$ cat my_file-v3.pdb   # PDB, C-alpha atoms
ATOM      1  CA  MET A1170     -23.328 -55.736 -63.592  1.00  0.00           C
ATOM      2  CA  ASN A1171     -21.504 -53.227 -65.779  1.00  0.00           C
ATOM      3  CA  GLY A1172     -18.454 -52.789 -63.560  1.00  0.00           C
ATOM      4  CA  THR A1173     -19.191 -49.218 -62.500  1.00  0.00           C
ATOM      5  CA  VAL A1174     -19.310 -48.156 -58.878  1.00  0.00           C
ATOM      6  CA  SER A1175     -22.360 -46.276 -57.703  1.00  0.00           C
ATOM      7  CA  ALA A1176     -21.885 -42.898 -56.043  1.00  0.00           C
ATOM      8  CA  ASP A1177     -23.248 -44.361 -52.796  1.00  0.00           C
ATOM      9  CA  ALA A1178     -20.546 -47.039 -52.773  1.00  0.00           C
ATOM     10  CA  ARG A1179     -17.602 -44.650 -53.109  1.00  0.00           C
ATOM     11  CA  MET A1180     -15.376 -43.778 -50.189  1.00  0.00           C
ATOM     12  CA  LYS A1181     -16.486 -40.618 -48.423  1.00  0.00           C
ATOM     13  CA  LYS A1182     -14.086 -38.186 -46.800  1.00  0.00           C
ATOM     14  CA  ILE A1183     -15.242 -37.400 -43.270  1.00  0.00           C
ATOM     15  CA  VAL A1184     -13.472 -34.485 -41.568  1.00  0.00           C
ATOM     16  CA  LEU A1185     -13.449 -34.314 -37.768  1.00  0.00           C
ATOM     17  CA  VAL A1186     -12.637 -30.930 -36.221  1.00  0.00           C
ATOM     18  CA  ALA A1187     -11.896 -30.505 -32.510  1.00  0.00           C
ATOM     19  CA  CYS A1188     -14.012 -28.051 -30.544  1.00  0.00           C
ATOM     20  CA  ALA A1189     -12.435 -24.908 -29.109  1.00  0.00           C
ATOM     21  CA  GLY A1190     -12.473 -23.021 -25.846  1.00  0.00           C
ATOM     22  CA  LEU A1191     -13.460 -19.685 -27.403  1.00  0.00           C
ATOM     23  CA  LYS A1192     -17.221 -19.646 -27.863  1.00  0.00           C
ATOM     24  CA  GLN A1193     -20.168 -17.350 -28.482  1.00  0.00           C
ATOM     25  CA  LYS A1194     -22.016 -16.272 -25.332  1.00  0.00           C
ATOM     26  CA  GLN A1195     -25.424 -17.470 -26.540  1.00  0.00           C
ATOM     27  CA  PRO A1196     -26.784 -20.726 -28.005  1.00  0.00           C
ATOM     28  CA  SER A1197     -25.602 -21.033 -31.627  1.00  0.00           C
ATOM     29  CA  PRO A1198     -25.220 -23.579 -34.410  1.00  0.00           C
ATOM     30  CA  ALA A1199     -22.037 -25.511 -33.611  1.00  0.00           C
ATOM     31  CA  LYS A1200     -20.288 -24.251 -36.758  1.00  0.00           C
ATOM     32  CA  GLU A1201     -20.722 -20.703 -35.380  1.00  0.00           C
ATOM     33  CA  LEU A1202     -20.490 -21.404 -31.625  1.00  0.00           C
ATOM     34  CA  TYR A1203     -16.723 -21.905 -31.621  1.00  0.00           C
ATOM     35  CA  THR A1204     -14.908 -18.700 -32.479  1.00  0.00           C
ATOM     36  CA  SER A1205     -11.198 -19.537 -32.376  1.00  0.00           C
ATOM     37  CA  PRO A1206      -9.142 -18.764 -35.506  1.00  0.00           C
ATOM     38  CA  LEU A1207      -8.055 -22.414 -35.658  1.00  0.00           C
ATOM     39  CA  LEU A1208     -11.608 -23.686 -35.712  1.00  0.00           C
ATOM     40  CA  ARG A1209     -12.698 -21.088 -38.267  1.00  0.00           C
ATOM     41  CA  GLU A1210      -9.919 -22.171 -40.644  1.00  0.00           C
ATOM     42  CA  ALA A1211     -10.580 -25.864 -39.944  1.00  0.00           C
ATOM     43  CA  ARG A1212     -14.258 -25.293 -40.762  1.00  0.00           C
ATOM     44  CA  ARG A1213     -13.392 -23.689 -44.123  1.00  0.00           C
ATOM     45  CA  TYR A1214     -11.098 -26.611 -44.935  1.00  0.00           C
ATOM     46  CA  ALA A1215     -13.655 -29.199 -43.852  1.00  0.00           C
ATOM     47  CA  GLU A1216     -16.464 -27.597 -45.858  1.00  0.00           C
ATOM     48  CA  ARG A1217     -14.309 -27.593 -49.010  1.00  0.00           C
ATOM     49  CA  GLU A1218     -12.509 -30.914 -48.636  1.00  0.00           C
ATOM     50  CA  GLY A1219     -14.964 -33.193 -46.887  1.00  0.00           C
ATOM     51  CA  ASP A1220     -18.061 -35.003 -48.031  1.00  0.00           C
ATOM     52  CA  ALA A1221     -19.234 -34.489 -44.462  1.00  0.00           C
ATOM     53  CA  TRP A1222     -17.727 -32.862 -41.407  1.00  0.00           C
ATOM     54  CA  TYR A1223     -18.387 -32.918 -37.703  1.00  0.00           C
ATOM     55  CA  ILE A1224     -17.123 -31.225 -34.582  1.00  0.00           C
ATOM     56  CA  LEU A1225     -15.644 -33.316 -31.796  1.00  0.00           C
ATOM     57  CA  SER A1226     -17.106 -31.811 -28.631  1.00  0.00           C
ATOM     58  CA  ALA A1227     -15.715 -32.724 -25.220  1.00  0.00           C
ATOM     59  CA  LYS A1228     -19.229 -32.377 -23.787  1.00  0.00           C
ATOM     60  CA  HIS A1229     -21.483 -33.639 -26.586  1.00  0.00           C
ATOM     61  CA  GLY A1230     -19.301 -36.091 -28.493  1.00  0.00           C
ATOM     62  CA  LEU A1231     -19.945 -35.913 -32.230  1.00  0.00           C
ATOM     63  CA  VAL A1232     -21.772 -32.742 -33.262  1.00  0.00           C
ATOM     64  CA  ARG A1233     -23.251 -31.850 -36.644  1.00  0.00           C
ATOM     65  CA  PRO A1234     -22.290 -28.331 -37.761  1.00  0.00           C
ATOM     66  CA  ASP A1235     -25.910 -27.115 -37.675  1.00  0.00           C
ATOM     67  CA  ASP A1236     -26.730 -28.561 -34.233  1.00  0.00           C
ATOM     68  CA  VAL A1237     -27.551 -25.693 -31.867  1.00  0.00           C
ATOM     69  CA  LEU A1238     -25.549 -25.834 -28.643  1.00  0.00           C
ATOM     70  CA  ASP A1239     -25.426 -23.785 -25.483  1.00  0.00           C
ATOM     71  CA  PRO A1240     -21.974 -22.468 -24.572  1.00  0.00           C
ATOM     72  CA  TYR A1241     -20.133 -24.846 -22.230  1.00  0.00           C
ATOM     73  CA  ASP A1242     -16.786 -25.291 -20.550  1.00  0.00           C
ATOM     74  CA  ALA A1243     -15.342 -28.766 -21.077  1.00  0.00           C
ATOM     75  CA  THR A1244     -12.167 -30.153 -22.586  1.00  0.00           C
ATOM     76  CA  LEU A1245     -10.783 -33.638 -22.991  1.00  0.00           C
ATOM     77  CA  ALA A1246      -7.470 -32.355 -21.621  1.00  0.00           C
ATOM     78  CA  ARG A1247      -9.060 -32.210 -18.147  1.00  0.00           C
ATOM     79  CA  MET A1248     -10.465 -35.740 -18.381  1.00  0.00           C
ATOM     80  CA  LYS A1249      -8.813 -38.898 -17.117  1.00  0.00           C
ATOM     81  CA  ALA A1250      -7.669 -41.429 -19.715  1.00  0.00           C
ATOM     82  CA  GLN A1251     -10.590 -43.745 -18.910  1.00  0.00           C
ATOM     83  CA  GLU A1252     -13.085 -40.909 -19.446  1.00  0.00           C
ATOM     84  CA  ARG A1253     -11.478 -40.093 -22.814  1.00  0.00           C
ATOM     85  CA  GLU A1254     -11.719 -43.749 -23.772  1.00  0.00           C
ATOM     86  CA  VAL A1255     -15.458 -43.794 -22.942  1.00  0.00           C
ATOM     87  CA  TRP A1256     -15.879 -40.519 -24.867  1.00  0.00           C
ATOM     88  CA  ALA A1257     -14.144 -42.034 -27.911  1.00  0.00           C
ATOM     89  CA  LEU A1258     -16.420 -45.076 -27.875  1.00  0.00           C
ATOM     90  CA  ARG A1259     -19.431 -42.757 -27.719  1.00  0.00           C
ATOM     91  CA  VAL A1260     -18.148 -40.781 -30.729  1.00  0.00           C
ATOM     92  CA  PHE A1261     -17.347 -43.997 -32.614  1.00  0.00           C
ATOM     93  CA  ARG A1262     -20.961 -45.117 -32.146  1.00  0.00           C
ATOM     94  CA  GLN A1263     -22.253 -41.683 -33.157  1.00  0.00           C
ATOM     95  CA  LEU A1264     -20.191 -41.851 -36.357  1.00  0.00           C
ATOM     96  CA  ALA A1265     -21.739 -45.237 -37.159  1.00  0.00           C
ATOM     97  CA  HIS A1266     -25.196 -43.778 -36.504  1.00  0.00           C
ATOM     98  CA  GLU A1267     -24.350 -40.984 -38.990  1.00  0.00           C
ATOM     99  CA  GLY A1268     -23.634 -43.626 -41.631  1.00  0.00           C
ATOM    100  CA  VAL A1269     -19.840 -43.552 -41.536  1.00  0.00           C
ATOM    101  CA  THR A1270     -18.573 -46.959 -42.631  1.00  0.00           C
ATOM    102  CA  LYS A1271     -15.234 -48.758 -42.740  1.00  0.00           C
ATOM    103  CA  ASP A1272     -14.960 -47.731 -46.379  1.00  0.00           C
ATOM    104  CA  ASP A1273     -14.788 -44.047 -45.475  1.00  0.00           C
ATOM    105  CA  GLN A1274     -11.662 -41.975 -44.957  1.00  0.00           C
ATOM    106  CA  VAL A1275     -11.554 -40.056 -41.678  1.00  0.00           C
ATOM    107  CA  VAL A1276      -9.450 -36.891 -41.542  1.00  0.00           C
ATOM    108  CA  PHE A1277      -8.627 -35.547 -38.099  1.00  0.00           C
ATOM    109  CA  LEU A1278      -8.146 -31.828 -37.613  1.00  0.00           C
ATOM    110  CA  ALA A1279      -7.801 -32.441 -33.903  1.00  0.00           C
ATOM    111  CA  GLY A1280      -5.124 -32.830 -31.285  1.00  0.00           C
ATOM    112  CA  HIS A1281      -3.994 -35.941 -29.481  1.00  0.00           C
ATOM    113  CA  PHE A1282      -6.641 -35.988 -26.736  1.00  0.00           C
ATOM    114  CA  TYR A1283      -9.429 -35.782 -29.305  1.00  0.00           C
ATOM    115  CA  ARG A1284      -8.128 -38.493 -31.555  1.00  0.00           C
ATOM    116  CA  ALA A1285      -5.985 -40.997 -29.617  1.00  0.00           C
ATOM    117  CA  TYR A1286      -8.635 -43.534 -28.598  1.00  0.00           C
ATOM    118  CA  LEU A1287     -11.012 -42.709 -31.440  1.00  0.00           C
ATOM    119  CA  GLU A1288      -8.262 -43.175 -34.017  1.00  0.00           C
ATOM    120  CA  LYS A1289      -7.562 -46.661 -32.640  1.00  0.00           C
ATOM    121  CA  LEU A1290     -11.246 -47.620 -32.848  1.00  0.00           C
ATOM    122  CA  LEU A1291     -11.578 -46.356 -36.411  1.00  0.00           C
ATOM    123  CA  HIS A1292      -8.358 -48.052 -37.495  1.00  0.00           C
ATOM    124  CA  ALA A1293      -9.495 -51.363 -35.968  1.00  0.00           C
ATOM    125  CA  ALA A1294     -12.791 -50.987 -37.855  1.00  0.00           C
ATOM    126  CA  GLY A1295     -10.894 -50.682 -41.142  1.00  0.00           C
ATOM    127  CA  ASN A1296     -11.089 -46.949 -41.782  1.00  0.00           C
ATOM    128  CA  PHE A1297      -8.308 -45.103 -43.570  1.00  0.00           C
ATOM    129  CA  ILE A1298      -7.131 -42.375 -41.179  1.00  0.00           C
ATOM    130  CA  ALA A1299      -5.387 -39.120 -42.090  1.00  0.00           C
ATOM    131  CA  VAL A1300      -3.908 -36.641 -39.623  1.00  0.00           C
ATOM    132  CA  PRO A1301      -2.439 -33.997 -41.938  1.00  0.00           C
ATOM    133  CA  MET A1302      -1.253 -31.570 -39.243  1.00  0.00           C
ATOM    134  CA  THR A1303       0.576 -34.036 -36.988  1.00  0.00           C
ATOM    135  CA  GLY A1304       3.340 -32.370 -35.019  1.00  0.00           C
ATOM    136  CA  LEU A1305       2.310 -28.792 -35.819  1.00  0.00           C
ATOM    137  CA  GLY A1306       1.651 -26.294 -33.033  1.00  0.00           C
ATOM    138  CA  ILE A1307      -1.546 -24.269 -33.125  1.00  0.00           C
ATOM    139  CA  GLY A1308       0.016 -21.320 -34.967  1.00  0.00           C
ATOM    140  CA  LYS A1309       1.485 -23.580 -37.640  1.00  0.00           C
ATOM    141  CA  GLN A1310      -1.825 -25.431 -37.934  1.00  0.00           C
ATOM    142  CA  ILE A1311      -3.567 -22.137 -38.690  1.00  0.00           C
ATOM    143  CA  VAL A1312      -0.925 -21.325 -41.314  1.00  0.00           C
ATOM    144  CA  TRP A1313      -1.255 -24.818 -42.856  1.00  0.00           C
ATOM    145  CA  LEU A1314      -5.045 -24.500 -43.031  1.00  0.00           C
ATOM    146  CA  ARG A1315      -4.914 -20.963 -44.442  1.00  0.00           C
ATOM    147  CA  GLN A1316      -2.534 -22.100 -47.181  1.00  0.00           C
ATOM    148  CA  ARG A1317      -4.801 -24.998 -48.135  1.00  0.00           C
ATOM    149  CA  ASN A1318      -7.895 -22.805 -48.008  1.00  0.00           C
ATOM    150  CA  LYS A1319      -6.207 -20.163 -50.166  1.00  0.00           C
ATOM    151  CA  GLU A1320      -5.135 -22.805 -52.715  1.00  0.00           C
ATOM    152  CA  ARG A1321      -8.734 -23.970 -53.041  1.00  0.00           C
ATOM    153  CA  THR A1322     -10.110 -20.488 -53.670  1.00  0.00           C
ATOM    154  CA  ALA A1323      -7.373 -19.419 -56.100  1.00  0.00           C
TER     155      ALA A1323
END
$ encode --input "my_file-v3.pdb" --output "structure tokens"
Amino acid sequence: MNGTVSADARMKKIVLVACAGLKQKQPSPAKELYTSPLLREARRYAEREGDAWYILSAKHGLVRPDDVLDPYDATLARMKAQEREVWALRVFRQLAHEGVTKDDQVVFLAGHFYRAYLEKLLHAAGNFIAVPMTGLGIGKQIVWLRQRNKERTA
């Protein structure tokens, strides 16, 4: 062995973006279904910064950006803690099915309800977790994302 690390063995950066209430009125790819300014900026960030990115959907769990979804009305904020815990386990299993391993970094662009239980599962599995917008309100999250997105295009 020559001491080099193969590209497949390197840590991947997986970005998880929370779904949003504002949606298209017709079935659309997930990356286009959600129309909120926060999700649009989070998508730009995720596409530039991540090796892979997914949307955390209250209804569907883990969603690939190109998965076509019908509009729906669901939020983890309306679920009981036990339901959110079951949802998180579902997403954790979906991440494993997508090939996310303990060697990967997981970046949450999602609020407390979308990450609380899932973050614990990922941490227990050995993942490095990053939550870069902790403590920021929605308006400040949009500003933070816009600044990072602008820096990357400059």
$ atom_distance --input "my_file-v3.pdb" --atom1 "CA of Ala1265 (chain A)" --atom2 "CA of Lys1228 (chain A)"
18.7 Å
$ closest_atom_pairs --input "my_file-v3.pdb" --of "region 1192-1271 of chain A" --to "region 1275-1278 of chain A" --cutoff "10 Å" --atoms "only C-alpha atoms" --output "CSV"
residue,atom,partner,partner_atom,distance
A:Leu1207,CA,A:Leu1278,CA,9.6
A:Leu1208,CA,A:Leu1278,CA,9.0
A:Ala1211,CA,A:Leu1278,CA,6.9
A:Arg1212,CA,A:Leu1278,CA,9.5
A:Tyr1214,CA,A:Leu1278,CA,9.5
A:Ala1215,CA,A:Leu1278,CA,8.7
A:Glu1218,CA,A:Val1276,CA,9.8
A:Gly1219,CA,A:Val1276,CA,8.5
A:Ala1221,CA,A:Val1275,CA,9.9
A:Trp1222,CA,A:Val1276,CA,9.2
A:Ile1224,CA,A:Leu1278,CA,9.5
A:Leu1225,CA,A:Leu1278,CA,9.6
A:Val1269,CA,A:Val1275,CA,9.0
A:Thr1270,CA,A:Val1275,CA,9.9
A:Lys1271,CA,A:Val1275,CA,9.5
$ atom_distance --input "my_file-v3.pdb" --atom1 "CA of Pro1206 (chain A)" --atom2 "CA of Ile1311 (chain A)"
7.3 Å
$ closest_residue --input "my_file-v3.pdb" --among "A:Asn1318, A:Ala1299, A:Val1260, A:Pro1240" --to "Glu1216 (chain A)" --atoms "only C-alpha atoms"
A:Asn1318
$ resolve_selection --input "my_file-v3.pdb" --expression "the PyMOL selection byres ((chain A and resi 1244) around 9)" --output "list in words"
Cys1188, Ala1189, Gly1190, Ser1226, Ala1227, Lys1228, Asp1242, Ala1243, Leu1245, Ala1246, Arg1247 and Met1248 of chain A
$ resolve_selection --input "my_file-v3.pdb" --expression "the PyMOL selection byres ((chain A and resi 1258) around 12)" --output "list in words"
Gly1230, Leu1231, Gln1251, Glu1252, Arg1253, Glu1254, Val1255, Trp1256, Ala1257, Arg1259, Val1260, Phe1261, Arg1262, Gln1263, Leu1264, Ala1265, Tyr1283, Arg1284, Ala1285, Tyr1286, Leu1287, Glu1288, Lys1289, Leu1290 and Leu1291 of chain A
$ atom_distance --input "my_file-v3.pdb" --atom1 "CA of Leu1185 (chain A)" --atom2 "CA of Lys1319 (chain A)"
20.2 Å
$ closest_residue --input "my_file-v3.pdb" --among "A:Ala1187, A:Asp1220, A:Arg1321, A:Thr1303" --to "Gln1274 (chain A)" --atoms "all atoms listed in the file"
A:Asp1220
$ closest_residue --input "my_file-v3.pdb" --among "A:Ile1183, A:Ala1250, A:Leu1202, A:Leu1314" --to "Phe1282 (chain A)" --atoms "all atoms listed in the file"
A:Ala1250
$ closest_residue --input "my_file-v3.pdb" --among "A:Gln1195, A:Arg1179, A:Asp1273, A:His1229" --to "His1292 (chain A)" --atoms "only C-alpha atoms"
A:Asp1273
$ resolve_selection --input "my_file-v3.pdb" --expression "the PyMOL selection byres ((chain A and resi 1234) around 8)" --output "ChimeraX atom specification"
/A:1198-1200,1222-1224,1232-1233,1235-1236
$ closest_residue --input "my_file-v3.pdb" --among "A:Asp1239, A:Gly1308, A:Ala1294, A:Gly1268" --to "Lys1194 (chain A)" --atoms "all atoms listed in the file"
A:Asp1239
$ residues_around --input "my_file-v3.pdb" --residues "Leu1305 (chain A)" --least-positions-apart "3" --cutoff "12 Å" --atoms "only C-alpha atoms" --output "number ranges by chain"
A: 1278-1281, 1300-1302, 1308-1314
$ write_last_selection --input "my_file-v3.pdb" --atoms "C-alpha atoms" --output "PDB file, keeping the file's coordinate frame"
ATOM      1  CA  LEU A1278      -8.146 -31.828 -37.613  1.00  0.00           C
ATOM      2  CA  ALA A1279      -7.801 -32.441 -33.903  1.00  0.00           C
ATOM      3  CA  GLY A1280      -5.124 -32.830 -31.285  1.00  0.00           C
ATOM      4  CA  HIS A1281      -3.994 -35.941 -29.481  1.00  0.00           C
ATOM      5  CA  VAL A1300      -3.908 -36.641 -39.623  1.00  0.00           C
ATOM      6  CA  PRO A1301      -2.439 -33.997 -41.938  1.00  0.00           C
ATOM      7  CA  MET A1302      -1.253 -31.570 -39.243  1.00  0.00           C
ATOM      8  CA  GLY A1308       0.016 -21.320 -34.967  1.00  0.00           C
ATOM      9  CA  LYS A1309       1.485 -23.580 -37.640  1.00  0.00           C
ATOM     10  CA  GLN A1310      -1.825 -25.431 -37.934  1.00  0.00           C
ATOM     11  CA  ILE A1311      -3.567 -22.137 -38.690  1.00  0.00           C
ATOM     12  CA  VAL A1312      -0.925 -21.325 -41.314  1.00  0.00           C
ATOM     13  CA  TRP A1313      -1.255 -24.818 -42.856  1.00  0.00           C
ATOM     14  CA  LEU A1314      -5.045 -24.500 -43.031  1.00  0.00           C
TER      15      LEU A1314
END
$ axis_aligned_box --input "my_file-v3.pdb" --around "region 1266-1284 of chain A" --padding-each-side "3 Å" --output "JSON"
{"center_x": -14.6, "center_y": -40.3, "center_z": -36.6, "size_x": 27.2, "size_y": 22.9, "size_z": 25.6}
$ closest_residue --input "my_file-v3.pdb" --among "A:Arg1217, A:Lys1181, A:Arg1209, A:His1266" --to "Phe1297 (chain A)" --atoms "all atoms listed in the file"
A:Lys1181
